[in-house]
Every structure is written in structure tokens, then in C-alpha cells.
Amino acid sequence: MNYHFDWTPIWAARGLIAEGLAMTVALSAAALVFSTVIGLIVGGAAAAGSRAARALALAFTETMRNIPLLIHMYIWYMALAFLRLPAFSCAVLGLSLYSGAYVAEVVRAGIGAVGRGQMQAALATGLTRFQAMRYIVYPQALRIIAPSLASLFSQLIKDSSLASVIAVAELTYQAGAIEGQTFRTFEVYITISLIYLVLVTAASQLVLLIPGSRNEAAAGRFADA
Amino acid sequence: MPDVILKNLPFLLNGLWLTIDLSMWSIVLGTLLGLVAGTVRFVRVPVLDTVALVYIEFIRGTPLLVVLFITYFAFPALFGYHTTAYRAAISGFVLFIGAYLAEDFRSGLRAVRPGLIQAGLATGLTRWQVLRHIILPQAVRRVLPSLFNQYVRLIKFTSVASVIGVTELTGAGLLVNARDFHPVTILATIAIVYLVLCIALSMAGRALYAHFAVRT
């Protein structure tokens, strides 16, 4: 191994790395919001909707999550080029549909884990179906699925790197650019993988903001031990 | 079938075959790596335990695309060897999926009831025999669904190999598109092929799990 390490070009390119990081965060945050919305709606329909709604929700999740994310990106960017969406929107769209299907599965399972009695009791007290879902079922389900959501969201951040293939200037894209200019291959890729590691670790703590999930996470750890 | 697909069928089938080939090698080798790393973590083999922990945490925090760049560009630069896109892709996939499978195996191993282990030791089996004949068979059967989830994920992820120039299904499709420019038809066809592959594999996984389920 006679590789000569030189980290100075990486430090010199810190501006580009910071720009890429900002783009990765923006991309992931936007996709996180949309995939959560998709997941709550589709997952709710799959767990508690009418027969037709359940079938539609199932078709949606099975299709969206069994198509590779890379293909999602290309479809929105190339096949639907006539829509003239900017690359960033295509990436958000692809990521949200792909991750949304996974969130929907988790939400469906979470709602299933909330006892039927909860829904029946809520309806018996005179809440409408919507109110019962909104105030009784979802809060409990969210608490149960917090750990799974955490891993889905860290997955999403890593998956956002694929946006680089449709020329969204996020972290991985910038790494390629820096590598092309400096040829410090190893240093560049190790640096950005460490940045992703920090980002993913930080993001997985975010779901602890869900009210009550802290206890649930602690209970999960206890159950593991 | 649309003209552009028919005309390029042999080329696209070649790509499909390469996707299957990449997936098979990565699944077999990745499962072995995951089993070893997961067992090392479970048994807490000194030193190796730490190595496995660092490997698992590093990979699980890194995007697949970056892992492929590391096996294709960074490792050959660092250690001074030549590699092909195909070999770099397989090593990347194996490293990537192995880390996730290791965690699955470890949680499966931890789910085996302690009473069984004690009973095994009490009958005079060595620790290795208990692991080999009692704990592992149960753990593997228990984690079959998670394993197949990872395998399905891997099939989809093999598409990323196209970025480093492997002409598997996605790469082949993109090349065809670059020449004939029918993005809608080509991407839709590829998407459907992946859909069929993934759904078939998850159905196989479910059937296997139903057959081997641990009855407690």
C-alpha cells in the first residue's frame, strides 16, 4: 500500500461539500414530509378503508416499492420530460413515492397493532370515523411505529444520493465533482460517507420528537435486552 | 411488444441475465458474510466483535452508491489494484447487504430461548455444537422474512450498478434509450421486469417461511 494521503484538497473544497450537504438535507427533508403524508393516507386507507380503497392502497404500495428508486428517478426525469420538472422536483417526487410506499406499509401495520376496541370505543363516544382516526388511532400507532419510521427516514437520506444521477447537486454529486478535479479518490469518498453517517445518526434521533415515542423506544430497548 | 423492445430484445435479455447474475452472487456471498458477522457479534468474539461492529455501522450509515464508488474507485486507488465494474459492483453489494443481514441474523440469534441453549449444554454438547445444531437453525428460520426483504431490496439496488457502467438491465435500457430514444416505453418495460422479479422473490420467501416457520 503506497498510497499517498493528501487531505488538503478536501479541506479546500469544503464550500462545495457544504453546498452538497445543504442540498442533501433540503432534498431529504422535502421527501420526508411528502412520504409521511403519502404514508399516512395510503397506510390509513390500507388498514381502515373500504374494500376498494384497500385494493387501491395495496396496488400503490406494491408497485411503488418494487420499482428500483433509480428507475423512479429516471422515469420522472426522462420519461416524463415533457412535464419539464426541474431535477430537484423529480428527485423529491421519486423519493417520496418510493419511501411513501414503505411508510404506508409501516403505518398499516401500526394501525393494525392498535386494538380494535380503541376504534369501537371512540365511535361509541360519538366521534366521527375521521376524528377517531385523528385523535385515537393515529397517535397510538405513531408511537408504536416510531422505531421503524426512524430506520425508514435514515434509509431515505441515504437513498437521496441517487438524485446525483439526474444531476441534482447534492453531496454525492459534489463528491464526484471534487474527485474529478483533485483525484483524491479515497479521501473524498471516505469524507462524504462519514458525513452521511453523522447525518443518518442525527436523523434517526428525530422521530423521538413524536410525543410519547421516547417511552416506546425505551420499552423497545428493554424488550431487546 | 413495442418495436423498440423487440428490436433490442437480445441486448435487454442479456442485461436481465446480468441483473440476475449480480443478484445471485451478491445474495449468496452477502448472506455468508452476514451470517459470519452476525454470529461474531452474537457470540462476542473478542476483537472480531469490534471489527464487525465498525463494519456494520459504517455500511449502514453510507449510501449504496457511495459504497460502489468506494469499491470501484477508492479501494483500487488506495491498495493499488485493478478491478472491473462487474467485480466492484459485486463486492459493493456483498459488503452492503452483508451489514444489514448481519443485524437481522443477530436479532434472530438473540430471539432463541435461553432454555434451549442451557438444555443443549446440559446434554453435553459443546458451545460450538449448540450454536451449530440448536441456535442457528432456529435463528435462520425465524429471520427468513427479513432475509427475503433484504434480497428484494438488493435486486432493486443492483440497478445502481449501471452508474459505474455495468450494463445490467437498467444500464442496458439506458443504452438502448440513448440510441433509439423511447424513454417512456423503455423505462416502463424495465420497471415492470423489476416489479415481476421482486414480487416473485417475495412470494417465494413467504412460501419458504410458511414451510419452515418455527412452531412455538
# chains A, B, ... in the order shown; residues from 1 in each chain; ligands from 1

call {"tool": "interface_residues", "arguments": {"of": "chain B", "to": "chain A", "cutoff": "9 Å", "atoms": "only C-alpha atoms", "output": "PyMOL selection string"}}
result
chain B and resi 57-67+69-70+73-75+77-80+107+110-111+152-153+155-160+163+170+182-188+190-199

call {"tool": "write_last_selection", "arguments": {"atoms": "N, CA and C atoms", "output": "compact mmCIF listing (two decimals), in the first residue's frame"}}
result
# COMPACT_ATOMS: atom_id res chain seq x y z
N GLU B 57 -21.80 -0.64 11.30
CA GLU B 57 -22.28 0.72 11.50
C GLU B 57 -21.85 1.63 10.34
N PHE B 58 -20.64 1.41 9.84
CA PHE B 58 -20.16 2.23 8.73
C PHE B 58 -21.01 2.03 7.49
N ILE B 59 -21.25 0.78 7.14
CA ILE B 59 -22.02 0.49 5.93
C ILE B 59 -23.46 0.97 6.08
N ARG B 60 -24.05 0.74 7.26
CA ARG B 60 -25.45 1.12 7.43
C ARG B 60 -25.65 2.62 7.42
N GLY B 61 -24.55 3.37 7.58
CA GLY B 61 -24.67 4.82 7.53
C GLY B 61 -24.28 5.40 6.18
N THR B 62 -23.93 4.52 5.23
CA THR B 62 -23.42 5.00 3.93
C THR B 62 -24.36 4.60 2.81
N PRO B 63 -24.64 5.52 1.87
CA PRO B 63 -25.49 5.15 0.73
C PRO B 63 -24.82 4.10 -0.14
N LEU B 64 -25.63 3.24 -0.77
CA LEU B 64 -25.08 2.19 -1.63
C LEU B 64 -24.21 2.78 -2.74
N LEU B 65 -24.65 3.89 -3.32
CA LEU B 65 -23.90 4.49 -4.42
C LEU B 65 -22.48 4.83 -3.98
N VAL B 66 -22.36 5.35 -2.75
CA VAL B 66 -21.05 5.70 -2.23
C VAL B 66 -20.22 4.44 -1.97
N VAL B 67 -20.88 3.36 -1.50
CA VAL B 67 -20.17 2.09 -1.30
C VAL B 67 -19.61 1.60 -2.64
N PHE B 69 -18.84 3.46 -5.24
CA PHE B 69 -17.72 4.33 -5.61
C PHE B 69 -16.47 3.93 -4.83
N ILE B 70 -16.67 3.52 -3.58
CA ILE B 70 -15.52 3.12 -2.77
C ILE B 70 -14.90 1.84 -3.33
N PHE B 73 -13.65 2.92 -7.16
CA PHE B 73 -12.60 3.93 -7.32
C PHE B 73 -11.63 3.96 -6.14
N ALA B 74 -12.18 4.06 -4.91
CA ALA B 74 -11.34 4.38 -3.76
C ALA B 74 -10.44 3.22 -3.34
N PHE B 75 -10.99 1.99 -3.20
CA PHE B 75 -10.15 0.86 -2.78
C PHE B 75 -9.04 0.56 -3.78
N ALA B 77 -7.59 2.58 -5.75
CA ALA B 77 -6.59 3.65 -5.65
C ALA B 77 -5.75 3.46 -4.40
N LEU B 78 -6.44 3.11 -3.30
CA LEU B 78 -5.76 3.00 -2.01
C LEU B 78 -4.80 1.82 -1.99
N PHE B 79 -5.26 0.65 -2.45
CA PHE B 79 -4.45 -0.55 -2.33
C PHE B 79 -3.70 -0.86 -3.63
N GLY B 80 -3.89 -0.03 -4.66
CA GLY B 80 -3.15 -0.20 -5.90
C GLY B 80 -3.43 -1.49 -6.63
N SER B 107 -30.35 -10.42 15.50
CA SER B 107 -31.60 -10.34 16.25
C SER B 107 -32.30 -11.69 16.25
N ARG B 110 -30.62 -13.75 18.90
CA ARG B 110 -30.98 -13.34 20.26
C ARG B 110 -32.39 -13.76 20.64
N ALA B 111 -33.21 -14.09 19.60
CA ALA B 111 -34.60 -14.44 19.89
C ALA B 111 -34.75 -15.91 20.30
N VAL B 152 -34.94 -8.72 -1.79
CA VAL B 152 -35.75 -7.95 -2.73
C VAL B 152 -35.14 -6.55 -2.88
N ARG B 153 -34.73 -5.99 -1.75
CA ARG B 153 -34.10 -4.68 -1.78
C ARG B 153 -32.86 -4.73 -2.65
N ILE B 155 -32.14 -6.74 -5.19
CA ILE B 155 -32.46 -6.80 -6.63
C ILE B 155 -32.69 -5.39 -7.16
N LYS B 156 -33.46 -4.60 -6.41
CA LYS B 156 -33.70 -3.24 -6.86
C LYS B 156 -32.40 -2.43 -6.88
N PHE B 157 -31.57 -2.68 -5.86
CA PHE B 157 -30.34 -1.91 -5.75
C PHE B 157 -29.32 -2.27 -6.83
N THR B 158 -29.44 -3.48 -7.44
CA THR B 158 -28.47 -3.81 -8.49
C THR B 158 -28.55 -2.82 -9.64
N SER B 159 -29.70 -2.12 -9.75
CA SER B 159 -29.82 -1.13 -10.82
C SER B 159 -28.77 -0.03 -10.69
N VAL B 160 -28.30 0.19 -9.45
CA VAL B 160 -27.32 1.26 -9.22
C VAL B 160 -25.99 0.92 -9.89
N VAL B 163 -24.65 2.90 -12.78
CA VAL B 163 -23.95 4.18 -12.61
C VAL B 163 -22.45 4.01 -12.79
N THR B 170 -30.87 -2.12 -16.10
CA THR B 170 -31.02 -0.66 -16.18
C THR B 170 -29.99 -0.06 -17.13
N HIS B 182 -36.68 6.22 -26.67
CA HIS B 182 -38.09 5.97 -26.36
C HIS B 182 -38.19 5.83 -24.84
N PRO B 183 -37.90 6.91 -24.11
CA PRO B 183 -37.78 6.75 -22.65
C PRO B 183 -39.01 6.15 -21.97
N VAL B 184 -40.21 6.53 -22.41
CA VAL B 184 -41.41 6.03 -21.73
C VAL B 184 -41.51 4.52 -21.86
N THR B 185 -41.44 4.03 -23.11
CA THR B 185 -41.57 2.59 -23.35
C THR B 185 -40.48 1.81 -22.62
N ILE B 186 -39.23 2.27 -22.78
CA ILE B 186 -38.12 1.51 -22.23
C ILE B 186 -38.17 1.48 -20.70
N LEU B 187 -38.35 2.65 -20.09
CA LEU B 187 -38.35 2.69 -18.62
C LEU B 187 -39.55 1.92 -18.06
N ALA B 188 -40.70 2.01 -18.73
CA ALA B 188 -41.87 1.27 -18.25
C ALA B 188 -41.62 -0.23 -18.32
N ILE B 190 -38.69 -1.80 -18.25
CA ILE B 190 -37.73 -2.18 -17.22
C ILE B 190 -38.40 -2.22 -15.85
N ALA B 191 -39.22 -1.19 -15.59
CA ALA B 191 -39.90 -1.13 -14.29
C ALA B 191 -40.76 -2.37 -14.07
N ILE B 192 -41.45 -2.79 -15.13
CA ILE B 192 -42.32 -3.97 -14.98
C ILE B 192 -41.49 -5.23 -14.73
N VAL B 193 -40.33 -5.33 -15.42
CA VAL B 193 -39.49 -6.51 -15.20
C VAL B 193 -39.03 -6.57 -13.74
N TYR B 194 -38.57 -5.43 -13.20
CA TYR B 194 -38.16 -5.42 -11.79
C TYR B 194 -39.33 -5.78 -10.88
N LEU B 195 -40.50 -5.23 -11.21
CA LEU B 195 -41.70 -5.48 -10.41
C LEU B 195 -41.96 -6.98 -10.33
N VAL B 196 -41.89 -7.66 -11.51
CA VAL B 196 -42.15 -9.10 -11.55
C VAL B 196 -41.08 -9.84 -10.75
N LEU B 197 -39.80 -9.50 -10.96
CA LEU B 197 -38.71 -10.16 -10.24
C LEU B 197 -38.91 -10.04 -8.73
N CYS B 198 -39.19 -8.81 -8.28
CA CYS B 198 -39.28 -8.56 -6.84
C CYS B 198 -40.48 -9.26 -6.23
N ILE B 199 -41.63 -9.18 -6.92
CA ILE B 199 -42.83 -9.81 -6.36
C ILE B 199 -42.66 -11.32 -6.34

call {"tool": "residues_around", "arguments": {"residues": "B:Val143", "least_positions_apart": "4", "cutoff": "7 Å", "atoms": "only C-alpha atoms", "output": "list in words"}}
result
Asp104, Phe105, Gly108, Ala139 and Leu147 of chain B

call {"tool": "write_last_selection", "arguments": {"atoms": "C-alpha atoms", "output": "PDB file, in the first residue's frame"}}
result
ATOM      1  CA  ASP B 104     -31.016  -9.494  11.031  1.00  0.00           C
ATOM      2  CA  PHE B 105     -29.111 -12.659  11.924  1.00  0.00           C
ATOM      3  CA  GLY B 108     -32.695 -13.813  15.145  1.00  0.00           C
ATOM      4  CA  ALA B 139     -32.498 -18.270  14.142  1.00  0.00           C
ATOM      5  CA  LEU B 147     -33.697 -12.020   4.734  1.00  0.00           C
TER       6      LEU B 147
END

call {"tool": "closest_residue", "arguments": {"among": "A:Arg129, A:Val107, A:Ala122, A:Thr24", "to": "A:Val37", "atoms": "only C-alpha atoms"}}
result
A:Val107

call {"tool": "residues_around", "arguments": {"residues": "A:Phe60", "least_positions_apart": "3", "cutoff": "10 Å", "atoms": "only C-alpha atoms", "output": "CSV table (one decimal) with C-alpha atoms, in the first residue's frame"}}
result
chain,number,residue,atom,x,y,z
A,42,VAL,CA,-52.2,5.3,1.9
A,46,ALA,CA,-55.0,0.1,3.6
A,54,ARG,CA,-57.7,-1.2,0.4
A,55,ALA,CA,-57.2,-2.7,-3.0
A,56,LEU,CA,-56.0,0.6,-4.4
A,57,ALA,CA,-53.6,1.2,-1.5
A,63,THR,CA,-46.0,-1.1,-7.4
A,64,MET,CA,-44.1,1.8,-5.9
A,65,ARG,CA,-41.8,-0.1,-3.7
A,97,LEU,CA,-43.4,7.9,-3.9
A,100,GLY,CA,-44.0,6.7,0.9
A,101,ALA,CA,-44.9,3.2,-0.1
A,104,ALA,CA,-47.6,3.2,4.2

call {"tool": "atom_distance", "arguments": {"atom1": "atom CA of B:Pro76", "atom2": "atom CA of B:Val47"}}
result
26.3 Å

call {"tool": "residues_around", "arguments": {"residues": "A:Val207", "least_positions_apart": "3", "cutoff": "8 Å", "atoms": "only C-alpha atoms", "output": "count of residues only"}}
result
8

call {"tool": "closest_residue", "arguments": {"among": "A:Pro86, A:Gly110, A:Gly117, A:Gly15", "to": "A:Pro139", "atoms": "only C-alpha atoms"}}
result
A:Gly110

call {"tool": "decode", "arguments": {"residues": "stretch 2-131 of chain A", "atoms": "C-alpha atoms", "output": "tab-separated table (two decimals), in the first residue's frame"}}
result
chain	number	residue	atom	x	y	z
A	2	ASN	CA	1.92	3.04	-1.20
A	3	TYR	CA	-0.99	5.44	-1.44
A	4	HIS	CA	-0.03	8.99	-0.60
A	5	PHE	CA	-2.68	10.59	1.58
A	6	ASP	CA	-3.41	14.24	0.96
A	7	TRP	CA	-6.39	15.79	2.70
A	8	THR	CA	-5.72	19.44	1.79
A	9	PRO	CA	-7.78	19.38	-1.47
A	10	ILE	CA	-10.75	18.12	0.56
A	11	TRP	CA	-10.45	20.98	3.02
A	12	ALA	CA	-10.06	23.39	0.10
A	13	ALA	CA	-13.32	22.07	-1.37
A	14	ARG	CA	-15.25	22.44	1.89
A	15	GLY	CA	-17.51	25.06	0.27
A	16	LEU	CA	-18.71	22.55	-2.34
A	17	ILE	CA	-19.16	19.88	0.31
A	18	ALA	CA	-21.24	22.27	2.42
A	19	GLU	CA	-23.41	23.16	-0.59
A	20	GLY	CA	-23.92	19.48	-1.33
A	21	LEU	CA	-24.78	18.79	2.29
A	22	ALA	CA	-27.35	21.61	2.27
A	23	MET	CA	-28.90	20.16	-0.89
A	24	THR	CA	-28.99	16.64	0.60
A	25	VAL	CA	-30.71	18.00	3.71
A	26	ALA	CA	-33.24	20.01	1.65
A	27	LEU	CA	-33.95	17.04	-0.61
A	28	SER	CA	-34.35	14.60	2.28
A	29	ALA	CA	-36.50	17.00	4.31
A	30	ALA	CA	-38.88	17.63	1.41
A	31	ALA	CA	-39.11	13.92	0.59
A	32	LEU	CA	-39.57	13.11	4.28
A	33	VAL	CA	-42.59	15.41	4.54
A	34	PHE	CA	-44.22	14.14	1.34
A	35	SER	CA	-43.52	10.46	2.03
A	36	THR	CA	-45.01	10.82	5.51
A	37	VAL	CA	-48.16	12.40	4.06
A	38	ILE	CA	-48.38	9.67	1.40
A	39	GLY	CA	-47.71	7.00	4.00
A	40	LEU	CA	-50.35	8.26	6.44
A	41	ILE	CA	-53.02	8.48	3.74
A	42	VAL	CA	-52.24	5.25	1.90
A	43	GLY	CA	-51.46	3.33	5.10
A	44	GLY	CA	-54.69	4.57	6.67
A	45	ALA	CA	-56.64	3.50	3.58
A	46	ALA	CA	-54.96	0.09	3.59
A	47	ALA	CA	-55.78	-0.51	7.25
A	48	ALA	CA	-59.18	1.06	7.70
A	49	GLY	CA	-60.57	2.00	4.28
A	50	SER	CA	-63.35	0.47	2.21
A	51	ARG	CA	-62.69	-2.64	0.15
A	52	ALA	CA	-61.88	-0.58	-2.96
A	53	ALA	CA	-59.62	1.78	-1.01
A	54	ARG	CA	-57.73	-1.19	0.44
A	55	ALA	CA	-57.21	-2.70	-3.01
A	56	LEU	CA	-56.01	0.63	-4.41
A	57	ALA	CA	-53.64	1.17	-1.48
A	58	LEU	CA	-52.21	-2.32	-1.89
A	59	ALA	CA	-51.68	-1.81	-5.62
A	60	PHE	CA	-49.97	1.51	-4.93
A	61	THR	CA	-47.55	0.18	-2.30
A	62	GLU	CA	-46.69	-3.00	-4.20
A	63	THR	CA	-45.98	-1.08	-7.41
A	64	MET	CA	-44.08	1.84	-5.93
A	65	ARG	CA	-41.77	-0.10	-3.66
A	66	ASN	CA	-40.96	-2.87	-6.12
A	67	ILE	CA	-39.60	-0.48	-8.73
A	68	PRO	CA	-35.97	0.48	-8.07
A	69	LEU	CA	-35.53	4.04	-6.85
A	70	LEU	CA	-33.09	4.69	-9.69
A	71	ILE	CA	-35.85	3.84	-12.19
A	72	HIS	CA	-38.23	6.14	-10.30
A	73	MET	CA	-35.73	8.97	-10.75
A	74	TYR	CA	-35.26	8.27	-14.46
A	75	ILE	CA	-39.00	7.93	-15.07
A	76	TRP	CA	-39.75	11.35	-13.64
A	77	TYR	CA	-36.70	12.94	-15.17
A	78	MET	CA	-36.57	11.35	-18.63
A	79	ALA	CA	-39.83	9.59	-19.45
A	80	LEU	CA	-41.94	12.46	-18.20
A	81	ALA	CA	-39.56	15.10	-19.52
A	82	PHE	CA	-42.48	16.85	-21.23
A	83	LEU	CA	-43.63	17.94	-17.78
A	84	ARG	CA	-40.42	19.99	-17.66
A	85	LEU	CA	-40.00	19.47	-13.93
A	86	PRO	CA	-36.69	20.69	-12.53
A	87	ALA	CA	-34.34	17.88	-11.49
A	88	PHE	CA	-34.83	18.68	-7.80
A	89	SER	CA	-38.62	18.21	-8.05
A	90	CYS	CA	-38.15	14.95	-9.96
A	91	ALA	CA	-35.88	13.68	-7.21
A	92	VAL	CA	-38.33	14.72	-4.47
A	93	LEU	CA	-41.19	13.09	-6.39
A	94	GLY	CA	-39.34	9.82	-6.96
A	95	LEU	CA	-38.03	9.62	-3.39
A	96	SER	CA	-41.44	10.48	-1.89
A	97	LEU	CA	-43.36	7.88	-3.90
A	98	TYR	CA	-40.77	5.19	-3.22
A	99	SER	CA	-40.36	5.88	0.50
A	100	GLY	CA	-44.05	6.75	0.87
A	101	ALA	CA	-44.91	3.17	-0.07
A	102	TYR	CA	-42.62	1.87	2.70
A	103	VAL	CA	-44.05	4.35	5.22
A	104	ALA	CA	-47.56	3.23	4.19
A	105	GLU	CA	-46.69	-0.40	4.99
A	106	VAL	CA	-45.36	0.58	8.40
A	107	VAL	CA	-48.37	2.80	9.14
A	108	ARG	CA	-50.73	-0.01	8.11
A	109	ALA	CA	-49.01	-2.40	10.50
A	110	GLY	CA	-49.05	0.23	13.25
A	111	ILE	CA	-52.78	0.85	12.89
A	112	GLY	CA	-53.32	-2.90	12.91
A	113	ALA	CA	-51.43	-3.08	16.20
A	114	VAL	CA	-53.79	-0.60	17.88
A	115	GLY	CA	-56.60	-2.70	19.35
A	116	ARG	CA	-59.93	-2.73	17.51
A	117	GLY	CA	-61.60	-1.84	20.81
A	118	GLN	CA	-59.99	1.60	20.64
A	119	MET	CA	-61.77	2.43	17.39
A	120	GLN	CA	-65.07	0.96	18.58
A	121	ALA	CA	-64.91	2.83	21.88
A	122	ALA	CA	-64.11	6.08	20.07
A	123	LEU	CA	-67.06	5.63	17.71
A	124	ALA	CA	-69.31	4.74	20.65
A	125	THR	CA	-68.45	8.01	22.40
A	126	GLY	CA	-69.80	9.82	19.35
A	127	LEU	CA	-66.59	10.72	17.50
A	128	THR	CA	-66.80	10.54	13.72
A	129	ARG	CA	-64.63	7.98	11.91
A	130	PHE	CA	-62.22	10.72	10.92
A	131	GLN	CA	-62.00	12.09	14.48
